[in-house]
Amino acid sequence: MKKILAALLIVIAIITTACGGSEKSAGTDKKTDFKIGYLASTGHILYFIAQEKGYFAEEGLNSELVLFNNSGEGITAVANGKLDVGAFGSSAPMVYMSKGSPITIFAGQMSMGHALVAKPEKAAELADLKNLKGKTVATIRLATGDIVFREAAIKQGLKIGEDVTFKEMESASAAMEAVKNGAADASVVWTPFRKMAEQQGLKIVKYSPEVPGFENHPCCRQIASTANIQKHPENYEAFLRAMIKAYRFYKTNKDESIEILSKYVNIDKDTLYEETYGKYVESNPDPNRNAVIDFYKYMKEVGYIEKDFDIAEHINIQLYQKALDKLLEAEPQDSIYKQLKADFEKNDL
């Protein structure tokens with residue numbers, strides 16, 4: 001009887017272990033739904049790489065990329081919790097924050113990448129920004145470059161609306177057309193329109209990082225609902241681990257990265273390459289907290305922030321730090337991860 005009972009207990013233990021193992025495996029395989037808002041832009045390349053290379057899936061996320069036509073719609077979707085994350089510039093999210101939108105910046109996406117362009121015969125004159133006096137600049141309100149060159153004019157002692165006119169257009173294409181038809185002397189553009197402007201006969205007057213104070217300025221920042229971050233920080237750490245892996249791929253596999261990008265941005269590959277790996281542009285997941293705070297100060301100076309608030313309270317660097325530290329723990333000698341760590345200690349702490 002004892003032998004029969006012992007045998008029965010062994011069988012039960014085997015069955016229980018097997019069932020328990022199946023449940024654990026199922027739990028491990030189950031992924032969290034995660035909606036990511038994007039624009040069809042070269043600056044969102046890290047999203048595309050993470051999706052196509054399976055990094056989101058590796059980190060347990062059932063990722064869905066949701067296309068938006070403009071930043072305003074995307075930011076509203078993030079604030080309402082309809083998107084888990086999105087990258088829709090840096091200036092527009094700050095304006096939403098100033099009006100009480102409960103959103104948090106927690107990582108980076110693209111840095112720099114903007115320029116002022118003009119006809120070749122005017123480019124040399126306008127390279128000295130004090131010569132913007134009496135000129136009209138076609139711009140897109142709240143574009144990153146809009147803030148850069150408005151602030152540049154102010155630093156030259158020029159009054160916006162009196163000494164220099166910033167004519168707001170509905171798109172970068174419209175801004176370039178205004179220059180070509182003589183309705184404006186120069187226009188603010190960003191990637192990939194910088195290269196496209198040159199292809200259309202215009203010339204780069206000045207890249208945005210060449211403006212003093214904007215040497216490594218932020219552009220698109222990762223934003224999320226503050227409540228979602230507080231409720232599910234583990235999802236955002238997983239998202240950032242995938243983004244950091246995508247960054248490593250972006251730095252070490254340029255040709256394949258452009259192949260992936262071309263699936264999402266319908267522009268010739270030579271232009272994509274130059275506007276992704278060319279002059280004064282980089283995709284990087286680092287939050288760049290210190291530069292974001294500086295950028296907020298410039299937004300106040302140009303008059304885009306009417307109600308002052310503490311921008312530092314809307315920046316979370318801990319999620320990125322934890323994600324990077326976990327990857328470094330697994331691969332402590334990885335040169336890309338080590339450089340990201342050094343950059344974080346310089347730009348965020």
# chains A, B, ... in the order shown; residues from 1 in each chain; ligands from 1
call {"tool": "residues_around", "arguments": {"residues": "Met97 (chain A)", "least_positions_apart": "2", "cutoff": "12 Å", "atoms": "only C-alpha atoms", "output": "MDAnalysis selection string"}}
result
chainID A and resid 75:76 79 90:95 99:105 223:226 296 304:315
call {"tool": "residues_around", "arguments": {"residues": "Ser173 (chain A)", "least_positions_apart": "4", "cutoff": "12 Å", "atoms": "only C-alpha atoms", "output": "count of residues only"}}
result
19
call {"tool": "select_by_dssp", "arguments": {"residues": "region 40-202 of chain A", "states": "alpha helix (DSSP H)", "output": "JSON, numbers by chain"}}
result
{"A": [45, 46, 47, 48, 49, 50, 51, 52, 55, 56, 57, 58, 71, 72, 73, 74, 75, 76, 77, 78, 79, 91, 92, 93, 94, 95, 96, 97, 98, 120, 121, 122, 123, 124, 125, 126, 144, 145, 146, 147, 148, 149, 150, 151, 152, 153, 154, 155, 172, 173, 174, 175, 176, 177, 178, 179, 180, 193, 194, 195, 196, 197, 198, 199]}
call {"tool": "closest_residue", "arguments": {"among": "A:Tyr273, A:Tyr320, A:Tyr250, A:Tyr298", "to": "Gly145 (chain A)", "atoms": "only C-alpha atoms"}}
result
A:Tyr298
call {"tool": "closest_residue", "arguments": {"among": "A:Gln318, A:Asp348, A:Glu275, A:Asn131", "to": "Ile293 (chain A)", "atoms": "only C-alpha atoms"}}
result
A:Asp348
call {"tool": "closest_residue", "arguments": {"among": "A:Lys300, A:His217, A:Lys31, A:Lys203", "to": "Tyr280 (chain A)", "atoms": "only C-alpha atoms"}}
result
A:His217
call {"tool": "select_by_dssp", "arguments": {"residues": "region 68-315 of chain A", "states": "strand (DSSP E or B)", "output": "compact mmCIF listing (two decimals) with N, CA and C atoms, in the first residue's frame"}}
result
# COMPACT_ATOMS: atom_id res chain seq x y z
N VAL A 85 2.89 55.38 -26.17
CA VAL A 85 4.06 56.24 -26.35
C VAL A 85 4.03 56.87 -27.72
N GLY A 86 4.72 57.99 -27.87
CA GLY A 86 4.87 58.63 -29.17
C GLY A 86 6.00 59.63 -29.10
N ALA A 87 6.49 60.04 -30.27
CA ALA A 87 7.55 61.04 -30.34
C ALA A 87 7.11 62.11 -31.33
N ILE A 103 1.42 64.67 -19.28
CA ILE A 103 2.36 63.86 -20.05
C ILE A 103 3.77 64.04 -19.53
N THR A 104 4.59 63.03 -19.78
CA THR A 104 5.97 63.00 -19.28
C THR A 104 6.93 62.69 -20.42
N ILE A 105 8.04 63.40 -20.47
CA ILE A 105 9.15 63.07 -21.37
C ILE A 105 10.05 62.06 -20.65
N PHE A 106 10.34 60.94 -21.30
CA PHE A 106 11.13 59.92 -20.60
C PHE A 106 12.29 59.36 -21.44
N ALA A 107 12.44 59.83 -22.66
CA ALA A 107 13.57 59.36 -23.49
C ALA A 107 13.65 60.22 -24.74
N GLY A 108 14.69 59.95 -25.54
CA GLY A 108 14.89 60.69 -26.77
C GLY A 108 14.52 59.88 -27.98
N MET A 110 15.09 61.72 -31.79
CA MET A 110 16.00 62.36 -32.74
C MET A 110 16.54 63.65 -32.13
N SER A 111 17.78 63.96 -32.43
CA SER A 111 18.40 65.21 -31.99
C SER A 111 18.85 66.00 -33.22
N MET A 112 18.82 67.32 -33.08
CA MET A 112 19.26 68.24 -34.14
C MET A 112 18.39 68.07 -35.39
N HIS A 114 17.64 70.15 -38.04
CA HIS A 114 16.91 71.26 -38.66
C HIS A 114 17.90 72.22 -39.33
N ALA A 115 17.35 73.09 -40.20
CA ALA A 115 18.23 74.03 -40.91
C ALA A 115 17.41 75.21 -41.43
N LEU A 116 18.12 76.27 -41.75
CA LEU A 116 17.56 77.43 -42.43
C LEU A 116 18.06 77.38 -43.87
N VAL A 117 17.14 77.49 -44.84
CA VAL A 117 17.54 77.42 -46.25
C VAL A 117 17.08 78.68 -46.99
N ALA A 118 17.77 79.00 -48.08
CA ALA A 118 17.45 80.17 -48.88
C ALA A 118 17.93 79.95 -50.31
N THR A 136 11.90 88.07 -44.26
CA THR A 136 10.77 87.20 -43.92
C THR A 136 11.24 85.75 -43.93
N VAL A 137 10.95 85.04 -42.84
CA VAL A 137 11.32 83.63 -42.71
C VAL A 137 10.05 82.79 -42.71
N ALA A 138 9.93 81.90 -43.68
CA ALA A 138 8.80 80.97 -43.71
C ALA A 138 9.08 79.86 -42.70
N THR A 139 8.12 79.59 -41.84
CA THR A 139 8.35 78.63 -40.76
C THR A 139 7.09 77.83 -40.49
N ILE A 160 10.93 90.07 -33.04
CA ILE A 160 10.07 89.29 -33.92
C ILE A 160 8.81 90.11 -34.23
N VAL A 164 12.11 91.39 -37.93
CA VAL A 164 12.09 90.20 -38.78
C VAL A 164 10.71 89.55 -38.67
N THR A 165 10.22 89.08 -39.80
CA THR A 165 8.89 88.47 -39.85
C THR A 165 9.02 86.96 -39.98
N PHE A 166 8.36 86.23 -39.11
CA PHE A 166 8.27 84.78 -39.23
C PHE A 166 6.88 84.45 -39.76
N LYS A 167 6.83 84.04 -41.01
CA LYS A 167 5.57 83.76 -41.69
C LYS A 167 5.24 82.28 -41.53
N GLU A 168 4.16 81.99 -40.82
CA GLU A 168 3.82 80.60 -40.50
C GLU A 168 3.11 79.91 -41.66
N ALA A 186 13.88 83.16 -46.55
CA ALA A 186 14.47 81.91 -46.05
C ALA A 186 13.36 81.08 -45.44
N SER A 187 13.63 79.81 -45.21
CA SER A 187 12.63 78.96 -44.56
C SER A 187 13.29 77.98 -43.61
N VAL A 188 12.54 77.59 -42.60
CA VAL A 188 12.97 76.59 -41.63
C VAL A 188 12.50 75.23 -42.12
N VAL A 189 13.42 74.26 -42.18
CA VAL A 189 13.09 72.90 -42.59
C VAL A 189 13.78 71.91 -41.66
N TRP A 190 13.44 70.65 -41.81
CA TRP A 190 14.05 69.57 -41.02
C TRP A 190 14.25 68.36 -41.92
N LYS A 203 19.76 76.46 -50.84
CA LYS A 203 21.04 76.22 -50.18
C LYS A 203 20.88 76.31 -48.67
N ILE A 204 21.62 75.46 -47.97
CA ILE A 204 21.62 75.52 -46.51
C ILE A 204 22.32 76.81 -46.07
N VAL A 205 21.59 77.63 -45.32
CA VAL A 205 22.17 78.85 -44.75
C VAL A 205 22.90 78.53 -43.46
N LYS A 206 22.23 77.78 -42.61
CA LYS A 206 22.83 77.40 -41.33
C LYS A 206 22.07 76.20 -40.77
N TYR A 207 22.84 75.22 -40.28
CA TYR A 207 22.24 74.09 -39.58
C TYR A 207 21.90 74.51 -38.15
N PRO A 218 17.61 69.03 -28.51
CA PRO A 218 16.67 67.93 -28.72
C PRO A 218 15.70 68.24 -29.85
N ARG A 221 11.08 63.91 -28.68
CA ARG A 221 11.26 63.25 -27.39
C ARG A 221 10.16 62.21 -27.21
N GLN A 222 10.51 61.13 -26.52
CA GLN A 222 9.50 60.11 -26.20
C GLN A 222 8.59 60.65 -25.10
N ILE A 223 7.28 60.64 -25.35
CA ILE A 223 6.34 61.08 -24.33
C ILE A 223 5.31 59.99 -24.06
N ALA A 224 4.77 60.02 -22.85
CA ALA A 224 3.73 59.08 -22.45
C ALA A 224 2.85 59.72 -21.41
N SER A 225 1.68 59.17 -21.24
CA SER A 225 0.81 59.62 -20.16
C SER A 225 1.52 59.38 -18.83
N VAL A 281 22.69 65.52 -37.46
CA VAL A 281 21.46 64.80 -37.15
C VAL A 281 21.84 63.46 -36.52
N GLU A 282 21.07 63.04 -35.54
CA GLU A 282 21.29 61.73 -34.93
C GLU A 282 20.00 61.26 -34.27
N SER A 283 19.78 59.95 -34.36
CA SER A 283 18.71 59.32 -33.59
C SER A 283 19.34 58.71 -32.36
N ILE A 315 10.04 65.38 -16.58
CA ILE A 315 11.08 64.56 -17.23
C ILE A 315 11.43 63.40 -16.31
call {"tool": "residues_around", "arguments": {"residues": "Lys82 (chain A)", "least_positions_apart": "4", "cutoff": "8 Å", "atoms": "only C-alpha atoms", "output": "VMD selection string"}}
result
chain A and resid 35 77 to 78
call {"tool": "closest_residue", "arguments": {"among": "A:Phe239, A:Tyr38, A:Phe149, A:Tyr247", "to": "Val211 (chain A)", "atoms": "only C-alpha atoms"}}
result
A:Phe149
call {"tool": "closest_residue", "arguments": {"among": "A:Glu59, A:Glu170, A:Glu198, A:Asp163", "to": "Leu327 (chain A)", "atoms": "only C-alpha atoms"}}
result
A:Glu59
call {"tool": "closest_residue", "arguments": {"among": "A:Glu73, A:Pro212, A:His44, A:Gln333", "to": "Val148 (chain A)", "atoms": "only C-alpha atoms"}}
result
A:Pro212
call {"tool": "atom_distance", "arguments": {"atom1": "CA of Ser208 (chain A)", "atom2": "CA of Ile45 (chain A)"}}
result
20.2 Å
call {"tool": "residues_around", "arguments": {"residues": "Phe344 (chain A)", "least_positions_apart": "3", "cutoff": "12 Å", "atoms": "only C-alpha atoms", "output": "list of chain:residue names"}}
result
A:Ala107, A:Gly108, A:Asn284, A:Pro285, A:Asp286, A:Pro287, A:Asn288, A:Arg289, A:Asn290, A:Ala291, A:Ile317, A:Gln318, A:Tyr320, A:Gln321, A:Lys322, A:Leu324, A:Asp325, A:Tyr337, A:Lys338, A:Gln339, A:Leu340, A:Lys341, A:Asn347, A:Asp348, A:Leu349
